[in-house]
$ cat structure.pdb   # PDB, C-alpha atoms
ATOM      1  CA  MET A   1     -46.752 -24.679  28.302
ATOM      2  CA  THR A   2     -45.432 -27.964  26.940
ATOM      3  CA  ILE A   3     -42.710 -30.041  28.587
ATOM      4  CA  TYR A   4     -40.574 -32.689  26.932
ATOM      5  CA  PRO A   5     -38.063 -35.163  28.379
ATOM      6  CA  VAL A   6     -34.800 -34.980  26.438
ATOM      7  CA  GLU A   7     -32.312 -37.849  26.359
ATOM      8  CA  THR A   8     -28.748 -36.609  25.808
ATOM      9  CA  GLY A   9     -26.874 -39.899  26.176
ATOM     10  CA  ASN A  10     -26.212 -42.738  28.608
ATOM     11  CA  PHE A  11     -23.085 -43.532  30.586
ATOM     12  CA  LYS A  12     -21.908 -45.585  33.559
ATOM     13  CA  LEU A  13     -20.404 -44.897  36.961
ATOM     14  CA  ASP A  14     -19.081 -47.086  39.739
ATOM     15  CA  GLY A  15     -21.983 -48.485  41.726
ATOM     16  CA  GLY A  16     -20.156 -48.215  45.036
ATOM     17  CA  ALA A  17     -19.458 -44.532  44.476
ATOM     18  CA  MET A  18     -23.096 -43.987  43.538
ATOM     19  CA  PHE A  19     -24.397 -45.573  46.756
ATOM     20  CA  GLY A  20     -21.768 -44.640  49.341
ATOM     21  CA  VAL A  21     -21.959 -46.807  52.469
ATOM     22  CA  VAL A  22     -24.855 -48.972  51.216
ATOM     23  CA  PRO A  23     -23.589 -52.528  50.505
ATOM     24  CA  LYS A  24     -23.550 -53.816  46.947
ATOM     25  CA  SER A  25     -25.694 -56.784  48.012
ATOM     26  CA  ILE A  26     -28.485 -54.270  48.637
ATOM     27  CA  TRP A  27     -28.076 -51.606  45.936
ATOM     28  CA  SER A  28     -27.497 -54.143  43.168
ATOM     29  CA  LYS A  29     -31.129 -55.282  43.543
ATOM     30  CA  THR A  30     -32.319 -52.018  41.999
ATOM     31  CA  ASN A  31     -29.186 -50.984  40.083
ATOM     32  CA  PRO A  32     -27.383 -54.115  38.859
ATOM     33  CA  ALA A  33     -23.691 -53.698  38.070
ATOM     34  CA  ASP A  34     -21.649 -55.065  35.196
ATOM     35  CA  SER A  35     -18.361 -56.972  35.548
ATOM     36  CA  ASN A  36     -16.536 -53.683  36.193
ATOM     37  CA  ASN A  37     -18.958 -52.731  38.992
ATOM     38  CA  MET A  38     -20.430 -49.995  36.760
ATOM     39  CA  ILE A  39     -24.150 -49.203  36.739
ATOM     40  CA  ASP A  40     -26.320 -47.800  33.945
ATOM     41  CA  LEU A  41     -27.056 -44.081  34.134
ATOM     42  CA  ALA A  42     -28.818 -41.541  31.955
ATOM     43  CA  ALA A  43     -28.228 -37.851  31.307
ATOM     44  CA  ARG A  44     -31.906 -36.969  30.904
ATOM     45  CA  CYS A  45     -32.959 -33.332  30.673
ATOM     46  CA  LEU A  46     -36.214 -31.387  30.502
ATOM     47  CA  LEU A  47     -37.245 -28.941  27.790
ATOM     48  CA  ILE A  48     -39.925 -26.380  28.669
ATOM     49  CA  GLU A  49     -41.727 -24.619  25.819
ATOM     50  CA  ASP A  50     -43.585 -21.644  27.261
ATOM     51  CA  GLY A  51     -44.643 -18.967  24.791
ATOM     52  CA  ASP A  52     -41.496 -17.530  23.227
ATOM     53  CA  ASN A  53     -39.315 -19.187  25.851
ATOM     54  CA  LEU A  54     -37.604 -22.527  25.304
ATOM     55  CA  ILE A  55     -35.857 -23.538  28.526
ATOM     56  CA  LEU A  56     -33.488 -26.504  28.736
ATOM     57  CA  ILE A  57     -32.739 -27.886  32.202
ATOM     58  CA  ASP A  58     -29.208 -29.355  32.203
ATOM     59  CA  ASN A  59     -27.617 -30.717  29.018
ATOM     60  CA  GLY A  60     -25.533 -33.814  29.702
ATOM     61  CA  LEU A  61     -21.857 -34.572  29.152
ATOM     62  CA  GLY A  62     -21.498 -32.923  25.739
ATOM     63  CA  ASN A  63     -19.051 -34.246  23.140
ATOM     64  CA  LYS A  64     -15.928 -32.082  23.306
ATOM     65  CA  GLN A  65     -13.855 -34.082  25.799
ATOM     66  CA  SER A  66     -11.171 -36.523  24.689
ATOM     67  CA  GLU A  67     -11.780 -40.196  24.008
ATOM     68  CA  LYS A  68      -9.615 -40.962  27.032
ATOM     69  CA  PHE A  69     -11.899 -38.846  29.211
ATOM     70  CA  PHE A  70     -15.051 -40.503  27.921
ATOM     71  CA  SER A  71     -13.507 -43.977  28.268
ATOM     72  CA  TYR A  72     -13.808 -43.608  32.044
ATOM     73  CA  TYR A  73     -17.594 -43.273  31.739
ATOM     74  CA  TYR A  74     -18.462 -46.113  29.343
ATOM     75  CA  ARG A  75     -20.949 -44.236  27.185
ATOM     76  CA  TRP A  76     -23.615 -46.475  25.665
ATOM     77  CA  GLY A  77     -26.760 -46.217  23.536
ATOM     78  CA  ASN A  78     -27.634 -43.944  20.634
ATOM     79  CA  HIS A  79     -29.096 -40.866  22.329
ATOM     80  CA  SER A  80     -27.695 -37.398  21.736
ATOM     81  CA  LEU A  81     -28.914 -33.909  22.567
ATOM     82  CA  ASP A  82     -29.037 -32.778  18.942
ATOM     83  CA  ASN A  83     -30.966 -35.843  17.773
ATOM     84  CA  SER A  84     -33.425 -35.589  20.665
ATOM     85  CA  LEU A  85     -34.073 -31.908  19.940
ATOM     86  CA  LYS A  86     -34.489 -32.667  16.237
ATOM     87  CA  GLU A  87     -37.080 -35.359  16.987
ATOM     88  CA  LEU A  88     -39.057 -32.735  18.893
ATOM     89  CA  GLY A  89     -38.787 -30.230  16.033
ATOM     90  CA  PHE A  90     -36.178 -27.995  17.676
ATOM     91  CA  HIS A  91     -32.564 -26.973  17.213
ATOM     92  CA  ARG A  92     -30.117 -25.873  19.899
ATOM     93  CA  ASP A  93     -30.214 -22.360  18.398
ATOM     94  CA  ASP A  94     -33.898 -22.208  19.420
ATOM     95  CA  ILE A  95     -33.037 -22.502  23.117
ATOM     96  CA  THR A  96     -33.572 -19.215  24.965
ATOM     97  CA  ASP A  97     -32.431 -20.330  28.429
ATOM     98  CA  VAL A  98     -30.220 -23.091  29.791
ATOM     99  CA  PHE A  99     -30.870 -23.713  33.486
ATOM    100  CA  LEU A 100     -28.058 -25.642  35.171
ATOM    101  CA  THR A 101     -28.887 -27.462  38.391
ATOM    102  CA  HIS A 102     -25.164 -27.474  39.146
ATOM    103  CA  LEU A 103     -21.922 -27.376  37.215
ATOM    104  CA  HIS A 104     -20.570 -30.919  37.422
ATOM    105  CA  PHE A 105     -19.525 -32.019  33.940
ATOM    106  CA  ASP A 106     -22.310 -34.579  33.476
ATOM    107  CA  HIS A 107     -24.888 -31.815  33.951
ATOM    108  CA  CYS A 108     -23.340 -28.917  32.041
ATOM    109  CA  GLY A 109     -20.820 -30.436  29.614
ATOM    110  CA  GLY A 110     -23.149 -29.837  26.686
ATOM    111  CA  SER A 111     -23.166 -26.088  27.354
ATOM    112  CA  ILE A 112     -19.877 -25.538  25.542
ATOM    113  CA  GLN A 113     -18.473 -26.877  22.274
ATOM    114  CA  TRP A 114     -15.349 -26.547  20.154
ATOM    115  CA  ASN A 115     -15.336 -23.602  17.750
ATOM    116  CA  LYS A 116     -15.211 -24.346  14.007
ATOM    117  CA  ASP A 117     -11.407 -24.321  13.891
ATOM    118  CA  ARG A 118     -11.103 -26.385  17.093
ATOM    119  CA  THR A 119      -8.782 -23.699  18.437
ATOM    120  CA  GLY A 120     -10.985 -22.836  21.385
ATOM    121  CA  TYR A 121     -14.412 -23.138  22.920
ATOM    122  CA  GLU A 122     -17.729 -21.365  22.425
ATOM    123  CA  PRO A 123     -21.259 -21.653  23.864
ATOM    124  CA  ALA A 124     -23.212 -24.475  22.236
ATOM    125  CA  PHE A 125     -26.433 -22.443  22.617
ATOM    126  CA  LYS A 126     -25.599 -19.149  20.957
ATOM    127  CA  ASN A 127     -28.963 -17.506  21.651
ATOM    128  CA  ALA A 128     -29.436 -18.668  25.242
ATOM    129  CA  ARG A 129     -28.883 -17.257  28.686
ATOM    130  CA  PHE A 130     -27.071 -19.671  31.007
ATOM    131  CA  TRP A 131     -28.437 -19.759  34.563
ATOM    132  CA  THR A 132     -26.604 -20.784  37.731
ATOM    133  CA  ASN A 133     -26.374 -19.001  41.092
ATOM    134  CA  ASN A 134     -23.592 -16.854  42.475
ATOM    135  CA  ASN A 135     -22.698 -19.124  45.416
ATOM    136  CA  HIS A 136     -22.398 -22.194  43.226
ATOM    137  CA  TRP A 137     -20.444 -20.328  40.538
ATOM    138  CA  GLU A 138     -17.866 -19.254  43.120
ATOM    139  CA  TRP A 139     -17.716 -22.827  44.437
ATOM    140  CA  ALA A 140     -17.263 -24.294  40.950
ATOM    141  CA  THR A 141     -14.711 -21.823  39.627
ATOM    142  CA  LYS A 142     -12.568 -22.113  42.770
ATOM    143  CA  PRO A 143     -12.990 -25.868  43.258
ATOM    144  CA  ASN A 144     -11.992 -27.921  46.269
ATOM    145  CA  ALA A 145      -9.735 -30.920  45.756
ATOM    146  CA  ARG A 146     -12.638 -33.359  46.108
ATOM    147  CA  GLU A 147     -14.673 -31.853  43.258
ATOM    148  CA  LYS A 148     -11.929 -30.457  41.041
ATOM    149  CA  ALA A 149     -12.252 -33.297  38.516
ATOM    150  CA  SER A 150     -15.979 -32.577  38.146
ATOM    151  CA  PHE A 151     -15.710 -28.808  37.596
ATOM    152  CA  LEU A 152     -13.982 -28.394  34.242
ATOM    153  CA  LYS A 153     -12.967 -24.846  33.378
ATOM    154  CA  GLU A 154     -13.711 -25.419  29.678
ATOM    155  CA  ASN A 155     -17.342 -26.051  30.663
ATOM    156  CA  LEU A 156     -17.577 -22.901  32.769
ATOM    157  CA  LEU A 157     -15.472 -19.946  31.685
ATOM    158  CA  PRO A 158     -16.808 -19.645  28.103
ATOM    159  CA  MET A 159     -20.291 -19.018  29.538
ATOM    160  CA  GLN A 160     -18.945 -16.007  31.385
ATOM    161  CA  GLU A 161     -16.659 -14.812  28.594
ATOM    162  CA  SER A 162     -19.539 -14.805  26.116
ATOM    163  CA  GLY A 163     -21.631 -12.547  28.342
ATOM    164  CA  GLN A 164     -24.399 -15.163  28.452
ATOM    165  CA  LEU A 165     -24.018 -16.081  32.134
ATOM    166  CA  ASN A 166     -26.825 -15.124  34.521
ATOM    167  CA  PHE A 167     -27.364 -15.726  38.235
ATOM    168  CA  VAL A 168     -30.597 -16.859  39.875
ATOM    169  CA  GLN A 169     -31.254 -14.738  42.936
ATOM    170  CA  GLN A 170     -31.794 -16.643  46.182
ATOM    171  CA  ASN A 171     -34.029 -15.209  48.894
ATOM    172  CA  LYS A 172     -32.405 -16.208  52.173
ATOM    173  CA  ASN A 173     -35.710 -15.772  53.992
ATOM    174  CA  VAL A 174     -37.386 -18.611  52.056
ATOM    175  CA  SER A 175     -36.959 -21.948  53.806
ATOM    176  CA  PHE A 176     -38.025 -24.445  51.165
ATOM    177  CA  LEU A 177     -39.215 -23.244  47.796
ATOM    178  CA  GLU A 178     -39.006 -19.973  45.939
ATOM    179  CA  THR A 179     -39.991 -18.859  42.452
ATOM    180  CA  SER A 180     -37.165 -18.085  40.045
ATOM    181  CA  GLU A 181     -36.955 -15.561  37.239
ATOM    182  CA  LEU A 182     -37.804 -18.411  34.868
ATOM    183  CA  GLY A 183     -41.220 -19.013  36.400
ATOM    184  CA  PHE A 184     -40.680 -22.228  38.330
ATOM    185  CA  GLY A 185     -39.896 -22.925  41.955
ATOM    186  CA  ILE A 186     -36.418 -23.879  43.134
ATOM    187  CA  PHE A 187     -35.337 -25.907  46.150
ATOM    188  CA  PHE A 188     -31.689 -25.098  47.005
ATOM    189  CA  VAL A 189     -29.653 -27.921  48.553
ATOM    190  CA  ASP A 190     -26.045 -28.032  49.741
ATOM    191  CA  GLY A 191     -25.276 -31.660  50.578
ATOM    192  CA  HIS A 192     -24.205 -32.834  47.133
ATOM    193  CA  THR A 193     -22.464 -29.592  46.248
ATOM    194  CA  GLU A 194     -22.901 -25.939  47.166
ATOM    195  CA  LYS A 195     -26.360 -24.579  46.195
ATOM    196  CA  MET A 196     -27.543 -27.245  43.776
ATOM    197  CA  MET A 197     -30.958 -26.178  42.437
ATOM    198  CA  LEU A 198     -33.959 -28.507  42.042
ATOM    199  CA  PRO A 199     -36.688 -27.047  39.794
ATOM    200  CA  HIS A 200     -40.347 -27.609  40.770
ATOM    201  CA  ILE A 201     -42.577 -27.141  37.717
ATOM    202  CA  ASN A 202     -46.382 -26.974  37.784
ATOM    203  CA  TYR A 203     -47.687 -28.758  34.692
ATOM    204  CA  LYS A 204     -51.152 -30.034  33.814
ATOM    205  CA  GLY A 205     -52.297 -30.100  37.421
ATOM    206  CA  LYS A 206     -49.179 -31.853  38.753
ATOM    207  CA  THR A 207     -45.834 -30.717  40.122
ATOM    208  CA  ILE A 208     -42.733 -32.208  38.506
ATOM    209  CA  VAL A 209     -39.476 -32.054  40.453
ATOM    210  CA  PHE A 210     -36.249 -32.337  38.482
ATOM    211  CA  MET A 211     -34.204 -34.404  40.906
ATOM    212  CA  ALA A 212     -30.651 -33.802  39.625
ATOM    213  CA  ASP A 213     -28.312 -35.464  42.156
ATOM    214  CA  LEU A 214     -30.394 -35.344  45.328
ATOM    215  CA  ILE A 215     -32.113 -38.595  44.292
ATOM    216  CA  PRO A 216     -30.385 -39.640  41.069
ATOM    217  CA  THR A 217     -32.238 -42.946  40.519
ATOM    218  CA  VAL A 218     -35.213 -44.847  41.907
ATOM    219  CA  GLY A 219     -32.737 -46.945  43.862
ATOM    220  CA  HIS A 220     -31.682 -43.854  45.839
ATOM    221  CA  ILE A 221     -35.113 -43.122  47.353
ATOM    222  CA  PRO A 222     -34.490 -44.637  50.844
ATOM    223  CA  LEU A 223     -33.112 -41.947  53.124
ATOM    224  CA  PRO A 224     -29.643 -43.429  53.899
ATOM    225  CA  TYR A 225     -28.893 -44.124  50.236
ATOM    226  CA  VAL A 226     -26.565 -41.177  49.652
ATOM    227  CA  MET A 227     -23.889 -40.985  46.985
ATOM    228  CA  GLY A 228     -20.227 -41.181  47.844
ATOM    229  CA  TYR A 229     -19.775 -38.123  45.621
ATOM    230  CA  ASP A 230     -21.668 -35.856  48.044
ATOM    231  CA  THR A 231     -19.471 -33.297  49.758
ATOM    232  CA  ARG A 232     -21.657 -33.111  52.905
ATOM    233  CA  PRO A 233     -23.492 -36.439  53.220
ATOM    234  CA  LEU A 234     -24.993 -35.716  56.643
ATOM    235  CA  LEU A 235     -26.482 -32.512  55.268
ATOM    236  CA  THR A 236     -27.834 -34.484  52.305
ATOM    237  CA  LEU A 237     -29.676 -36.668  54.833
ATOM    238  CA  GLU A 238     -31.378 -33.618  56.325
ATOM    239  CA  GLU A 239     -32.265 -32.101  52.962
ATOM    240  CA  LYS A 240     -33.445 -35.407  51.573
ATOM    241  CA  ALA A 241     -35.677 -36.090  54.591
ATOM    242  CA  LYS A 242     -37.251 -32.664  54.230
ATOM    243  CA  PHE A 243     -37.811 -33.193  50.527
ATOM    244  CA  LEU A 244     -39.181 -36.742  50.846
ATOM    245  CA  ASN A 245     -41.750 -35.766  53.468
ATOM    246  CA  ASN A 246     -42.883 -32.822  51.374
ATOM    247  CA  ALA A 247     -43.017 -35.003  48.245
ATOM    248  CA  VAL A 248     -45.412 -37.445  49.917
ATOM    249  CA  GLU A 249     -47.582 -34.706  51.423
ATOM    250  CA  SER A 250     -47.773 -32.771  48.138
ATOM    251  CA  ASN A 251     -47.970 -35.809  45.827
ATOM    252  CA  LEU A 252     -44.975 -34.612  43.830
ATOM    253  CA  LEU A 253     -43.784 -36.334  40.665
ATOM    254  CA  LEU A 254     -40.052 -37.072  40.786
ATOM    255  CA  PHE A 255     -38.302 -36.747  37.416
ATOM    256  CA  PHE A 256     -35.028 -38.664  37.332
ATOM    257  CA  GLU A 257     -32.071 -37.224  35.478
ATOM    258  CA  HIS A 258     -29.809 -40.229  36.006
ATOM    259  CA  ASP A 259     -32.092 -43.266  36.095
ATOM    260  CA  ALA A 260     -31.495 -44.963  32.740
ATOM    261  CA  HIS A 261     -34.661 -47.056  32.964
ATOM    262  CA  ASN A 262     -37.236 -44.952  34.840
ATOM    263  CA  GLN A 263     -38.406 -41.400  34.161
ATOM    264  CA  LEU A 264     -40.968 -40.530  36.836
ATOM    265  CA  CYS A 265     -42.351 -41.814  40.103
ATOM    266  CA  THR A 266     -44.565 -40.976  43.051
ATOM    267  CA  LEU A 267     -43.764 -41.777  46.683
ATOM    268  CA  LYS A 268     -45.601 -43.167  49.703
ATOM    269  CA  GLN A 269     -45.047 -43.291  53.440
ATOM    270  CA  THR A 270     -44.391 -46.790  54.850
ATOM    271  CA  GLU A 271     -43.309 -48.312  58.165
ATOM    272  CA  LYS A 272     -39.735 -48.217  56.857
ATOM    273  CA  GLY A 273     -39.956 -44.585  55.772
ATOM    274  CA  VAL A 274     -40.685 -43.009  52.389
ATOM    275  CA  ARG A 275     -40.575 -45.509  49.558
ATOM    276  CA  LEU A 276     -41.438 -45.834  45.878
ATOM    277  CA  ASN A 277     -45.158 -45.769  45.140
ATOM    278  CA  GLU A 278     -45.629 -45.965  41.344
ATOM    279  CA  LEU A 279     -43.372 -45.666  38.299
ATOM    280  CA  PHE A 280     -44.441 -43.846  35.151
ATOM    281  CA  SER A 281     -43.097 -42.819  31.799
ATOM    282  CA  PHE A 282     -43.594 -39.193  30.817
ATOM    283  CA  ASP A 283     -46.033 -40.187  28.058
ATOM    284  CA  GLU A 284     -48.130 -42.288  30.439
ATOM    285  CA  ILE A 285     -48.767 -39.296  32.679
ATOM    286  CA  PHE A 286     -49.019 -36.419  30.272
ATOM    287  CA  ASN A 287     -49.595 -37.680  26.736
ATOM    288  CA  SER A 288     -51.934 -40.646  27.137
ATOM    289  CA  GLN A 289     -55.180 -40.454  25.179
TER     290      GLN A 289
END
$ encode --input "structure.pdb" --output "structure tokens"
Amino acid sequence: MTIYPVETGNFKLDGGAMFGVVPKSIWSKTNPADSNNMIDLAARCLLIEDGDNLILIDNGLGNKQSEKFFSYYYRWGNHSLDNSLKELGFHRDDITDVFLTHLHFDHCGGSIQWNKDRTGYEPAFKNARFWTNNNHWEWATKPNAREKASFLKENLLPMQESGQLNFVQQNKNVSFLETSELGFGIFFVDGHTEKMMLPHINYKGKTIVFMADLIPTVGHIPLPYVMGYDTRPLLTLEEKAKFLNNAVESNLLLFFEHDAHNQLCTLKQTEKGVRLNELFSFDEIFNSQ
């Protein structure tokens, strides 16, 4: 097995929305804001090469939305999914599976593209199976008013219409971690949105956890630092506490999807609770000579 971080593009969101009730005077120390109160974010994915399988976890915002839509998110930098795959020697047609932690547009927008005539949409990974779970699919395709702007039907329905949509099966008797059909463990959480899935991947003697939106950046590690976007913030607190304690006990490596400047970290227990231990780049941990 070989794992690669994949940068699909950077964007910005309102810092207050990203940190909920935490004051700007505190969160701006780790996530400084620009003059519009926007903070730097990444849409960083993971690519798992395992035998004949090439599994992409999440895929960023994509490029099919209007310029007006993208203007709200202040895209910056030169990263793109296609260029990142090309640098690794791959093409999107090589992808066998696309695992989606959840179906908010910044995590699954790259799943679907315009067709050649720009008369409709088609899967951007023509040879891949798309993976979500049944509970989250129902939640996303029948959205509540709070999340409706994040669940875009053009990102979702073409996956189903193409016949490429698959559902991860959840064992209700498993309390923390279970192994999926794709060979890695999944921690299901409901605070951010219904049944978001956090992959736990054993790699070279370490366990990498793809954090999605449970802990989007290093600045979100302290327990009360919960996004304003979360639908059930008090439940996020419970899920996050459970995860943080397990992460310290098991020496997990946290892989950040949204931290524009940090890829990986370990955690430690302190008098103030679980805090950052060490920061690493992916190459420092896994590709150093």
$ atom_distance --input "structure.pdb" --atom1 "CA of Glu87 (chain A)" --atom2 "CA of Lys204 (chain A)"
22.6 Å
$ residues_around --input "structure.pdb" --residues "Phe105 (chain A)" --least-positions-apart "2" --cutoff "9 Å" --atoms "all atoms listed in the file" --output "list of chain:residue names"
A:Gly60, A:Leu61, A:Gly62, A:His102, A:Leu103, A:His107, A:Cys108, A:Gly109, A:Gly110, A:Ala149, A:Ser150, A:Phe151, A:Leu152, A:Asn155
$ closest_residue --input "structure.pdb" --among "A:Met227, A:Ala43, A:Leu279, A:Met197" --to "Ala17 (chain A)" --atoms "only C-alpha atoms"
A:Met227
$ axis_aligned_box --input "structure.pdb" --around "region 206-217 of chain A" --padding-each-side "5 Å" --output "lines of an AutoDock Vina configuration file"
center_x = -38.7
center_y = -36.8
center_z = 41.9
size_x = 30.9
size_y = 22.2
size_z = 16.8
$ resolve_selection --input "structure.pdb" --expression "the PyMOL selection byres ((chain A and resi 49) around 6)" --output "number ranges by chain"
A: 1-2, 48, 50, 53-54
$ closest_residue --input "structure.pdb" --among "A:Ser28, A:Thr8, A:Gln160, A:Asn245" --to "Gly77 (chain A)" --atoms "all atoms listed in the file"
A:Thr8
$ closest_residue --input "structure.pdb" --among "A:His220, A:Arg146, A:Arg129, A:His261" --to "Ile57 (chain A)" --atoms "only C-alpha atoms"
A:Arg129
$ closest_residue --input "structure.pdb" --among "A:Val22, A:Ala42, A:Ala128, A:Leu214" --to "Gln263 (chain A)" --atoms "only C-alpha atoms"
A:Ala42
$ residues_around --input "structure.pdb" --residues "Thr132 (chain A)" --least-positions-apart "4" --cutoff "8 Å" --atoms "only C-alpha atoms" --output "list in words"
Phe99, Leu100, Thr101, His102, His136, Trp137, Leu165, Asn166, Phe167 and Val168 of chain A
$ closest_residue --input "structure.pdb" --among "A:Ile55, A:Leu157, A:Leu88, A:Met196" --to "Phe125 (chain A)" --atoms "all atoms listed in the file"
A:Ile55
$ resolve_selection --input "structure.pdb" --expression "the PyMOL selection byres ((chain A and resi 238) around 12)" --output "list in words"
Val189, Asp190, Gly191, His192, Leu214, Leu223, Pro224, Val226, Arg232, Pro233, Leu234, Leu235, Thr236, Leu237, Glu239, Lys240, Ala241, Lys242, Phe243, Leu244 and Asn245 of chain A
$ closest_residue --input "structure.pdb" --among "A:Arg44, A:Lys29, A:Lys64, A:Arg118" --to "Asp259 (chain A)" --atoms "all atoms listed in the file"
A:Arg44
$ atom_distance --input "structure.pdb" --atom1 "CA of Asp34 (chain A)" --atom2 "CA of Ile215 (chain A)"
21.5 Å
$ atom_distance --input "structure.pdb" --atom1 "CA of Trp131 (chain A)" --atom2 "CA of Ser250 (chain A)"
27.0 Å
$ residues_around --input "structure.pdb" --residues "Ile221 (chain A)" --least-positions-apart "4" --cutoff "9 Å" --atoms "all atoms listed in the file" --output "list of chain:residue names"
A:Ile215, A:Pro216, A:Thr217, A:Tyr225, A:Lys240, A:Leu244, A:Leu267, A:Val274, A:Arg275, A:Leu276
$ write_last_selection --input "structure.pdb" --atoms "C-alpha atoms" --output "PDB file, in the coordinates of the input"
ATOM      1  CA  ILE A 215     -32.113 -38.595  44.292  1.00  0.00           C
ATOM      2  CA  PRO A 216     -30.385 -39.640  41.069  1.00  0.00           C
ATOM      3  CA  THR A 217     -32.238 -42.946  40.519  1.00  0.00           C
ATOM      4  CA  TYR A 225     -28.893 -44.124  50.236  1.00  0.00           C
ATOM      5  CA  LYS A 240     -33.445 -35.407  51.573  1.00  0.00           C
ATOM      6  CA  LEU A 244     -39.181 -36.742  50.846  1.00  0.00           C
ATOM      7  CA  LEU A 267     -43.764 -41.777  46.683  1.00  0.00           C
ATOM      8  CA  VAL A 274     -40.685 -43.009  52.389  1.00  0.00           C
ATOM      9  CA  ARG A 275     -40.575 -45.509  49.558  1.00  0.00           C
ATOM     10  CA  LEU A 276     -41.438 -45.834  45.878  1.00  0.00           C
TER      11      LEU A 276
END
$ residues_near_point --input "structure.pdb" --point "(-42.5, -36.2, 45.3)" --cutoff "8 Å" --atoms "only C-alpha atoms" --output "list in words"
Ile208, Val209, Phe243, Leu244, Asn246, Ala247, Val248, Ser250, Asn251, Leu252, Leu253, Leu254, Cys265, Thr266 and Leu267 of chain A
$ residues_near_point --input "structure.pdb" --point "(-36.9, -19.9, 38.5)" --cutoff "10 Å" --atoms "only C-alpha atoms" --output "PyMOL selection string"
chain A and resi 99+131+168-170+178-187+197-201
$ residues_around --input "structure.pdb" --residues "Ser80 (chain A)" --least-positions-apart "4" --cutoff "8 Å" --atoms "all atoms listed in the file" --output "PyMOL selection string"
chain A and resi 7-9+84
$ resolve_selection --input "structure.pdb" --expression "the PyMOL selection byres ((chain A and resi 74) around 8)" --output "list in words"
Phe11, Lys12, Leu13, Phe70, Ser71, Tyr72, Tyr73, Arg75 and Trp76 of chain A
